[in-house]
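Student: Please find one structure pasted underneath; my questions will follow.
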Amino acid sequence: MNTPNKLTVARMILVPFLVVFLLTGWGGEANRWICLAIFVAASVTDWFDGHLARKYNLITNFGKFMDPLADKFMVIGALTVIVYRYDTLRPVFIWALLVVVFRELAVTSLRLVASTSGGVVVPANMLGKIKTVSQIVCVSAAIIEPML
């Protein structure tokens, strides 16, 4: 269990905290800042674990599989709560949530088939990284939108 993998696990641990804080809304505006801080911290660990893994050649099959899965949990968890809690954003985000969930299921299924049939773990490519960054930006904006 190297440092990038520990950061991936930490991101997975942050997801339930993000969901609880988003769901409860404790503390009003301060809660939104806490949610944003948790989401941004989790997002930064995503960048940082990839950077460390590539820089120090710490790339593992665990990381190739769990890093994208942690991203999915983070984004889908946040989008689900946003759809549930924020009435004004629901019409747009319900479609975003459906597209994200079905796309992620398809990609994960293809990766699973590749790993079981050929023993190959398929890492994320640049388009996947761009997709993740755009999702992070959109979810971050949705979290703080009521304060703007």
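Labeling convention for the structure tokens: chains A, B, ... as they appear, residues from 1 per chain, ligands from 1 in order of appearance.
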Show which residues sit within 9 Å of Val101 of chain A, as a ChimeraX atom specification. Count only C-alpha atoms, and ignore same-chain residues fewer than 5 positions away.
Tutor: /A:72,76,96,106
Student: How about saving the chosen residues, all heavy atoms kept, as a compact mmCIF listing (two decimals), in the first residue's frame?
Tutor:
```txt
# COMPACT_ATOMS: atom_id res chain seq x y z
N LYS A 72 -15.68 7.94 -9.27
CA LYS A 72 -17.10 7.66 -9.54
C LYS A 72 -17.92 7.81 -8.27
O LYS A 72 -18.98 8.43 -8.27
CB LYS A 72 -17.26 6.26 -10.12
CG LYS A 72 -16.75 6.10 -11.52
CD LYS A 72 -16.72 4.63 -11.92
CE LYS A 72 -16.18 4.35 -13.28
NZ LYS A 72 -14.92 4.88 -13.63
N ILE A 76 -20.70 10.67 -8.25
CA ILE A 76 -22.07 10.15 -8.23
C ILE A 76 -22.72 10.40 -6.86
O ILE A 76 -23.90 10.75 -6.78
CB ILE A 76 -22.10 8.66 -8.62
CG1 ILE A 76 -21.76 8.53 -10.11
CG2 ILE A 76 -23.46 8.04 -8.32
CD1 ILE A 76 -21.56 7.10 -10.58
N ALA A 96 -27.97 15.00 -15.78
CA ALA A 96 -26.52 14.84 -15.63
C ALA A 96 -26.20 13.57 -14.83
O ALA A 96 -25.30 12.80 -15.19
CB ALA A 96 -25.93 16.06 -14.94
N ALA A 106 -21.04 1.69 -18.05
CA ALA A 106 -20.56 1.14 -19.32
C ALA A 106 -19.04 1.03 -19.33
O ALA A 106 -18.47 -0.01 -19.69
CB ALA A 106 -21.04 2.00 -20.48
```
Student: Counting only C-alpha atoms, what is within 12 Å of Ala53 of chain A, bar same-chain residues fewer than 5 positions away, as a list in words?
Tutor: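 The neighbour list is Met1, Asn2, Thr3, Pro4, Asn5, Lys6, Leu7, Thr8, Thr45, Asp46, Trp47, Phe48, Leu58, Ile59, Thr60, Asn61, Phe62, Gly63, Lys64 and Asp67 of chain A.
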Student: Please indicate the distance in Å from atom CA of Ala141 of chain A to atom CA of Ser109 of chain A, rounded to one decimal place.
Tutor: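 Computed distance, atom CA of Ala141 of chain A to atom CA of Ser109 of chain A, equals 29.5 Å.
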